[in-house]
$ cat work-v3.txt   # compact mmCIF, C-alpha atoms
# COMPACT_ATOMS: atom_id res chain seq x y z
CA PHE A 134 59.71 -41.32 -4.87
CA ARG A 135 57.98 -44.66 -4.89
CA GLY A 136 54.38 -44.79 -5.98
CA PHE A 137 51.45 -44.80 -3.66
CA GLY A 138 48.20 -46.75 -3.92
CA SER A 139 44.91 -45.02 -4.54
CA VAL A 140 43.40 -46.00 -1.16
CA ASP A 141 46.53 -44.79 0.64
CA THR A 142 46.40 -41.50 -1.24
CA GLU A 143 42.74 -40.84 -0.48
CA ALA A 144 43.22 -41.77 3.18
CA ILE A 145 46.22 -39.53 3.85
CA ALA A 146 44.62 -36.61 1.98
CA MET A 147 41.50 -36.94 4.11
CA THR A 148 43.64 -37.32 7.25
CA ALA A 149 45.44 -34.05 6.43
CA GLU A 150 42.05 -32.38 5.91
CA ARG A 151 40.95 -33.71 9.28
CA MET A 152 44.08 -32.33 10.95
CA ALA A 153 43.59 -28.92 9.32
CA SER A 154 39.97 -28.75 10.40
CA SER A 155 40.47 -29.92 13.97
CA GLN A 156 39.25 -27.81 16.86
CA GLU A 157 42.84 -27.69 18.09
CA PHE A 158 44.04 -26.20 14.81
CA TYR A 159 41.18 -23.71 14.63
CA GLU A 160 41.79 -22.60 18.21
CA ALA A 161 45.43 -21.95 17.35
CA ALA A 162 44.85 -20.21 14.01
CA LEU A 163 41.52 -18.39 14.19
CA PRO A 164 42.20 -15.94 17.02
CA LYS A 165 44.98 -14.45 14.93
CA TYR A 166 42.94 -14.17 11.74
CA ALA A 167 39.50 -13.53 13.20
CA GLN A 168 40.68 -11.24 16.00
CA ALA A 169 38.44 -13.20 18.36
CA ASP A 170 39.10 -14.57 21.80
CA VAL A 171 39.44 -18.34 21.78
CA LYS A 172 36.93 -18.61 24.64
CA LYS A 173 34.32 -16.91 22.46
CA LEU A 174 35.18 -19.18 19.55
CA ARG A 175 34.91 -22.48 21.46
CA PRO A 176 31.08 -22.77 21.45
CA LEU A 177 31.06 -22.14 17.70
CA LEU A 178 33.91 -24.57 17.15
CA ARG A 179 32.14 -27.31 19.12
CA LYS A 180 29.14 -26.90 16.81
CA GLN A 181 31.43 -26.87 13.79
CA MET A 182 33.16 -30.08 14.94
CA ARG A 183 29.82 -31.78 15.47
CA ALA A 184 28.63 -30.65 12.02
CA GLU A 185 31.82 -31.99 10.44
CA ARG A 186 31.38 -35.36 12.16
CA VAL A 187 27.78 -35.56 10.94
CA GLU A 188 28.89 -34.65 7.43
CA GLN A 189 31.64 -37.29 7.54
CA ALA A 190 29.12 -39.91 8.72
CA PHE A 191 26.86 -38.98 5.82
CA VAL A 192 29.76 -39.22 3.36
CA LEU A 193 30.58 -42.69 4.70
CA LEU A 194 26.97 -43.81 4.30
CA ARG A 195 26.81 -42.26 0.84
CA GLN A 196 29.96 -44.11 -0.21
CA VAL A 197 28.47 -47.38 1.03
CA PHE A 198 25.37 -46.61 -1.05
CA PHE A 199 27.50 -45.85 -4.12
CA SER A 200 29.53 -49.02 -3.60
CA ASP A 201 26.41 -51.13 -3.22
CA PHE A 202 24.92 -49.54 -6.34
CA GLU A 203 28.08 -50.24 -8.32
CA TYR A 204 28.09 -53.84 -7.12
CA GLU A 205 24.50 -54.24 -8.30
CA MET A 206 25.43 -52.70 -11.68
CA TYR A 207 28.14 -55.28 -12.25
CA LYS A 208 26.00 -58.09 -10.91
CA ASN A 209 23.28 -57.29 -13.44
CA PRO A 210 24.74 -55.20 -16.29
CA ASP A 211 21.49 -55.40 -18.27
CA ALA A 212 19.44 -53.75 -15.52
CA ASP A 213 17.77 -50.40 -15.93
CA PHE A 214 20.27 -48.39 -13.85
CA ALA A 215 17.91 -45.46 -13.34
CA LEU A 216 15.30 -47.82 -11.93
CA LEU A 217 17.92 -49.58 -9.81
CA TRP A 218 19.19 -46.24 -8.43
CA SER A 219 15.65 -45.11 -7.68
CA LYS A 220 14.80 -48.36 -5.86
CA MET A 221 18.03 -48.38 -3.86
CA HIS A 222 17.76 -44.68 -3.04
CA GLU A 223 14.40 -45.22 -1.43
CA GLU A 224 15.66 -48.32 0.44
CA TYR A 225 18.73 -46.50 1.78
CA TRP A 226 17.39 -43.04 2.45
CA GLY A 227 13.62 -43.47 2.57
CA VAL A 228 13.26 -40.84 -0.13
CA PRO A 229 11.62 -41.80 -3.42
CA VAL A 230 13.30 -40.58 -6.60
CA GLU A 231 11.64 -40.87 -9.98
CA PRO A 232 13.79 -43.06 -12.26
CA LYS A 233 13.76 -40.39 -14.97
CA ILE A 234 15.59 -37.99 -12.63
CA ALA A 235 17.68 -40.58 -10.77
CA GLY A 236 21.27 -39.41 -10.53
CA TRP A 237 23.01 -42.72 -11.15
CA ASP A 238 24.86 -41.43 -14.21
CA ILE A 239 26.42 -38.42 -12.48
CA ALA A 240 28.91 -40.65 -10.68
CA ASP A 241 31.39 -40.81 -13.55
CA HIS A 242 33.66 -42.93 -11.37
CA PHE A 243 31.47 -45.90 -12.24
CA ILE A 244 32.54 -45.64 -15.88
CA SER A 245 35.96 -43.99 -15.81
CA SER A 246 37.35 -45.71 -12.71
CA PRO A 247 35.45 -48.88 -11.88
CA VAL A 248 35.55 -49.95 -8.23
CA TYR A 249 37.37 -46.73 -7.29
CA ILE A 250 34.49 -45.27 -5.30
CA GLU A 251 35.17 -47.83 -2.57
CA ASN A 252 38.49 -46.06 -1.91
CA TYR A 253 36.61 -43.20 -0.29
CA ALA A 254 34.72 -45.48 2.10
CA ILE A 255 37.89 -47.37 2.98
CA GLY A 256 39.68 -44.02 3.24
CA ILE A 257 37.17 -42.79 5.82
CA LEU A 258 37.70 -45.95 7.88
CA MET A 259 41.45 -45.37 7.64
CA VAL A 260 41.18 -41.67 8.55
CA GLU A 261 39.17 -42.38 11.66
CA GLN A 262 41.59 -45.08 12.81
CA LEU A 263 44.73 -43.11 11.93
CA TYR A 264 43.38 -39.95 13.57
CA GLU A 265 42.37 -41.83 16.72
CA GLY A 266 45.92 -43.25 16.88
CA ILE A 267 47.46 -39.82 16.29
CA LEU A 268 45.53 -38.31 19.18
CA ARG A 269 46.32 -41.29 21.39
CA ASP A 270 50.05 -41.29 20.65
CA PHE A 271 50.78 -37.57 20.26
CA LYS A 272 48.00 -35.79 22.21
CA THR A 273 47.85 -33.34 19.30
CA SER A 274 46.30 -33.51 15.88
CA TYR A 275 48.87 -31.53 13.97
CA ASN A 276 51.45 -29.62 15.98
CA SER A 277 54.19 -32.21 16.48
CA VAL A 278 57.55 -32.82 14.85
CA LYS A 279 57.40 -36.39 16.16
CA LEU A 280 54.03 -36.86 14.45
CA GLY A 281 55.51 -35.57 11.20
CA ASP A 282 58.48 -37.91 11.59
CA LYS A 283 56.16 -40.88 12.13
CA LEU A 284 54.04 -39.96 9.10
CA ARG A 285 57.17 -39.62 7.00
CA SER A 286 58.84 -42.85 8.13
CA GLN A 287 55.86 -45.15 8.63
CA TYR A 288 53.32 -43.90 6.09
CA PHE A 289 55.08 -42.16 3.22
CA ALA A 290 58.53 -43.76 3.10
CA PRO A 291 57.38 -47.34 2.46
CA GLY A 292 55.56 -46.29 -0.74
CA GLN A 293 53.92 -49.35 -2.21
CA GLU A 294 55.98 -51.78 -0.18
CA PHE A 295 52.95 -52.21 2.07
CA SER A 296 49.29 -52.55 1.25
CA TYR A 297 46.95 -50.00 2.76
CA LEU A 298 45.99 -52.65 5.31
CA ASP A 299 49.62 -53.07 6.35
CA LEU A 300 50.11 -49.29 6.48
CA VAL A 301 47.20 -48.87 8.86
CA GLN A 302 48.38 -51.72 11.06
CA HIS A 303 51.95 -50.41 11.05
CA PHE A 304 50.93 -46.82 11.82
CA SER A 305 48.09 -47.36 14.28
CA GLY A 306 49.19 -50.63 15.83
CA GLN A 307 45.89 -52.33 14.98
CA PRO A 308 44.36 -53.99 11.92
CA LEU A 309 41.97 -51.80 9.94
CA SER A 310 38.48 -51.99 11.36
CA ALA A 311 35.31 -49.96 11.29
CA ALA A 312 35.37 -49.41 15.07
CA ALA A 313 36.66 -45.82 14.98
CA ALA A 314 34.47 -44.87 12.00
CA LEU A 315 31.35 -46.30 13.62
CA LYS A 316 31.71 -43.59 16.28
CA LEU A 317 30.67 -41.15 13.53
CA LEU A 318 27.22 -42.71 13.59
CA ASP A 319 26.50 -42.11 17.27
$ encode --input "work-v3.txt" --output "structure tokens"
Amino acid sequence: FRGFGSVDTEAIAMTAERMASSQEFYEAALPKYAQADVKKLRPLLRKQMRAERVEQAFVLLRQVFFSDFEYEMYKNPDADFALLWSKMHEEYWGVPVEPKIAGWDIADHFISSPVYIENYAIGILMVEQLYEGILRDFKTSYNSVKLGDKLRSQYFAPGQEFSYLDLVQHFSGQPLSAAAALKLLD
């Protein structure tokens, strides 16, 4: 019962979510619960998968925005954060936001857990790389005892013996990179 790092925790939680929302999983589970033929479900599931990828790409971009905003906060702690948020929001998204209604203060992570928000962005990079490796090595996203054994022995068992970078390298066979996550932005 060794501890686990915060990046590792976010990444494996998001990986499990990805497994449980895969088209493969839905095709196995939904016909039973929805009383629908899998052939009729496939067009809907393809749209759902595309929507999930778009949403994940947006989350990644949003986390980069949050991380950049937090960096700017620490770089200039005397700045008007509402004005900073408003300016950055328009630069990132092309959408002006009045400083008086800028939502910079809703991200309580900035105050309660400084530099934690980056874990989500790193976690998404990890998820994409881990998931790509899972599909490559097991040809399934969830339904494999061997996959479970590998997760147990190479991801969970080491605890904090390895950094998240070492865990990704050990599990996927490659150093952490943005290559798999960049496919979200196609």
$ closest_atom_pairs --input "work-v3.txt" --of "region 177-272 of chain A" --to "region 305-319 of chain A" --cutoff "8 Å" --atoms "only C-alpha atoms" --output "CSV"
residue,atom,partner,partner_atom,distance
A:Arg186,CA,A:Leu317,CA,6.0
A:Val187,CA,A:Leu317,CA,6.8
A:Gln189,CA,A:Leu317,CA,7.2
A:Ala190,CA,A:Leu317,CA,5.2
A:Ile257,CA,A:Ala314,CA,7.1
A:Leu258,CA,A:Ala314,CA,5.3
A:Met259,CA,A:Leu309,CA,6.8
A:Glu261,CA,A:Ala314,CA,5.3
A:Gln262,CA,A:Ala313,CA,5.4
A:Leu263,CA,A:Ser305,CA,5.9
A:Glu265,CA,A:Ala313,CA,7.2
A:Gly266,CA,A:Ser305,CA,5.3
A:Ile267,CA,A:Ser305,CA,7.8
$ write_last_selection --input "work-v3.txt" --atoms "C-alpha atoms" --output "CSV table (one decimal), keeping the file's coordinate frame"
chain,number,residue,atom,x,y,z
A,186,ARG,CA,31.4,-35.4,12.2
A,187,VAL,CA,27.8,-35.6,10.9
A,189,GLN,CA,31.6,-37.3,7.5
A,190,ALA,CA,29.1,-39.9,8.7
A,257,ILE,CA,37.2,-42.8,5.8
A,258,LEU,CA,37.7,-46.0,7.9
A,259,MET,CA,41.4,-45.4,7.6
A,261,GLU,CA,39.2,-42.4,11.7
A,262,GLN,CA,41.6,-45.1,12.8
A,263,LEU,CA,44.7,-43.1,11.9
A,265,GLU,CA,42.4,-41.8,16.7
A,266,GLY,CA,45.9,-43.2,16.9
A,267,ILE,CA,47.5,-39.8,16.3
$ closest_residue --input "work-v3.txt" --among "A:Glu203, A:Asp141, A:Asp211, A:Glu157" --to "Tyr253 (chain A)" --atoms "all atoms listed in the file"
A:Asp141
$ closest_residue --input "work-v3.txt" --among "A:Lys172, A:Tyr297, A:Lys283, A:Val260" --to "Arg151 (chain A)" --atoms "only C-alpha atoms"
A:Val260
$ atom_distance --input "work-v3.txt" --atom1 "CA of Asn252 (chain A)" --atom2 "CA of Ser139 (chain A)"
7.0 Å
$ closest_residue --input "work-v3.txt" --among "A:Met206, A:Ile145, A:Ile244, A:Ala235" --to "Lys220 (chain A)" --atoms "only C-alpha atoms"
A:Ala235
$ atom_distance --input "work-v3.txt" --atom1 "CA of His303 (chain A)" --atom2 "CA of Gly281 (chain A)"
15.3 Å
$ axis_aligned_box --input "work-v3.txt" --around "region 136-149 of chain A" --padding-each-side "5 Å" --output "lines of an AutoDock Vina configuration file"
center_x = 47.9
center_y = -40.4
center_z = 0.6
size_x = 22.9
size_y = 22.7
size_z = 23.2
$ build_atoms --input "work-v3.txt" --residues "region 196-218 of chain A" --atoms "N, CA and C atoms" --output "PDB file, in the frame of the given file"
ATOM      1  N   GLN A 196      28.996 -43.277   0.511  1.00  0.00           N
ATOM      2  CA  GLN A 196      29.960 -44.110  -0.210  1.00  0.00           C
ATOM      3  C   GLN A 196      29.551 -45.580  -0.166  1.00  0.00           C
ATOM      4  N   VAL A 197      28.980 -46.000   0.951  1.00  0.00           N
ATOM      5  CA  VAL A 197      28.470 -47.380   1.030  1.00  0.00           C
ATOM      6  C   VAL A 197      27.334 -47.548   0.024  1.00  0.00           C
ATOM      7  N   PHE A 198      26.453 -46.569  -0.059  1.00  0.00           N
ATOM      8  CA  PHE A 198      25.370 -46.610  -1.050  1.00  0.00           C
ATOM      9  C   PHE A 198      25.940 -46.703  -2.460  1.00  0.00           C
ATOM     10  N   PHE A 199      26.900 -45.825  -2.788  1.00  0.00           N
ATOM     11  CA  PHE A 199      27.500 -45.850  -4.120  1.00  0.00           C
ATOM     12  C   PHE A 199      28.153 -47.203  -4.404  1.00  0.00           C
ATOM     13  N   SER A 200      28.859 -47.733  -3.423  1.00  0.00           N
ATOM     14  CA  SER A 200      29.530 -49.020  -3.600  1.00  0.00           C
ATOM     15  C   SER A 200      28.526 -50.138  -3.828  1.00  0.00           C
ATOM     16  N   ASP A 201      27.450 -50.116  -3.066  1.00  0.00           N
ATOM     17  CA  ASP A 201      26.410 -51.130  -3.220  1.00  0.00           C
ATOM     18  C   ASP A 201      25.747 -50.996  -4.593  1.00  0.00           C
ATOM     19  N   PHE A 202      25.498 -49.756  -5.017  1.00  0.00           N
ATOM     20  CA  PHE A 202      24.920 -49.540  -6.340  1.00  0.00           C
ATOM     21  C   PHE A 202      25.841 -50.067  -7.428  1.00  0.00           C
ATOM     22  N   GLU A 203      27.123 -49.771  -7.312  1.00  0.00           N
ATOM     23  CA  GLU A 203      28.080 -50.240  -8.320  1.00  0.00           C
ATOM     24  C   GLU A 203      28.121 -51.770  -8.353  1.00  0.00           C
ATOM     25  N   TYR A 204      28.115 -52.377  -7.183  1.00  0.00           N
ATOM     26  CA  TYR A 204      28.090 -53.840  -7.120  1.00  0.00           C
ATOM     27  C   TYR A 204      26.877 -54.384  -7.864  1.00  0.00           C
ATOM     28  N   GLU A 205      25.728 -53.793  -7.631  1.00  0.00           N
ATOM     29  CA  GLU A 205      24.500 -54.240  -8.300  1.00  0.00           C
ATOM     30  C   GLU A 205      24.582 -54.019  -9.812  1.00  0.00           C
ATOM     31  N   MET A 206      25.247 -52.942 -10.245  1.00  0.00           N
ATOM     32  CA  MET A 206      25.430 -52.700 -11.680  1.00  0.00           C
ATOM     33  C   MET A 206      26.212 -53.835 -12.327  1.00  0.00           C
ATOM     34  N   TYR A 207      27.306 -54.227 -11.687  1.00  0.00           N
ATOM     35  CA  TYR A 207      28.140 -55.280 -12.250  1.00  0.00           C
ATOM     36  C   TYR A 207      27.485 -56.645 -12.146  1.00  0.00           C
ATOM     37  N   LYS A 208      26.695 -56.822 -11.103  1.00  0.00           N
ATOM     38  CA  LYS A 208      26.000 -58.090 -10.910  1.00  0.00           C
ATOM     39  C   LYS A 208      24.946 -58.298 -11.996  1.00  0.00           C
ATOM     40  N   ASN A 209      24.318 -57.211 -12.416  1.00  0.00           N
ATOM     41  CA  ASN A 209      23.280 -57.290 -13.440  1.00  0.00           C
ATOM     42  C   ASN A 209      23.466 -56.148 -14.439  1.00  0.00           C
ATOM     43  N   PRO A 210      24.424 -56.302 -15.365  1.00  0.00           N
ATOM     44  CA  PRO A 210      24.740 -55.200 -16.290  1.00  0.00           C
ATOM     45  C   PRO A 210      23.614 -54.842 -17.259  1.00  0.00           C
ATOM     46  N   ASP A 211      22.606 -55.698 -17.374  1.00  0.00           N
ATOM     47  CA  ASP A 211      21.490 -55.400 -18.270  1.00  0.00           C
ATOM     48  C   ASP A 211      20.337 -54.701 -17.559  1.00  0.00           C
ATOM     49  N   ALA A 212      20.511 -54.409 -16.286  1.00  0.00           N
ATOM     50  CA  ALA A 212      19.440 -53.750 -15.520  1.00  0.00           C
ATOM     51  C   ALA A 212      19.223 -52.330 -16.010  1.00  0.00           C
ATOM     52  N   ASP A 213      18.071 -51.811 -15.702  1.00  0.00           N
ATOM     53  CA  ASP A 213      17.770 -50.400 -15.930  1.00  0.00           C
ATOM     54  C   ASP A 213      18.384 -49.660 -14.733  1.00  0.00           C
ATOM     55  N   PHE A 214      19.524 -48.997 -14.953  1.00  0.00           N
ATOM     56  CA  PHE A 214      20.270 -48.390 -13.850  1.00  0.00           C
ATOM     57  C   PHE A 214      19.518 -47.247 -13.180  1.00  0.00           C
ATOM     58  N   ALA A 215      18.726 -46.532 -13.943  1.00  0.00           N
ATOM     59  CA  ALA A 215      17.910 -45.460 -13.340  1.00  0.00           C
ATOM     60  C   ALA A 215      16.888 -46.055 -12.389  1.00  0.00           C
ATOM     61  N   LEU A 216      16.263 -47.156 -12.795  1.00  0.00           N
ATOM     62  CA  LEU A 216      15.300 -47.820 -11.930  1.00  0.00           C
ATOM     63  C   LEU A 216      15.986 -48.414 -10.704  1.00  0.00           C
ATOM     64  N   LEU A 217      17.155 -49.011 -10.919  1.00  0.00           N
ATOM     65  CA  LEU A 217      17.920 -49.580  -9.810  1.00  0.00           C
ATOM     66  C   LEU A 217      18.292 -48.487  -8.800  1.00  0.00           C
ATOM     67  N   TRP A 218      18.804 -47.358  -9.305  1.00  0.00           N
ATOM     68  CA  TRP A 218      19.190 -46.240  -8.430  1.00  0.00           C
ATOM     69  C   TRP A 218      17.966 -45.761  -7.631  1.00  0.00           C
TER      70      TRP A 218
END
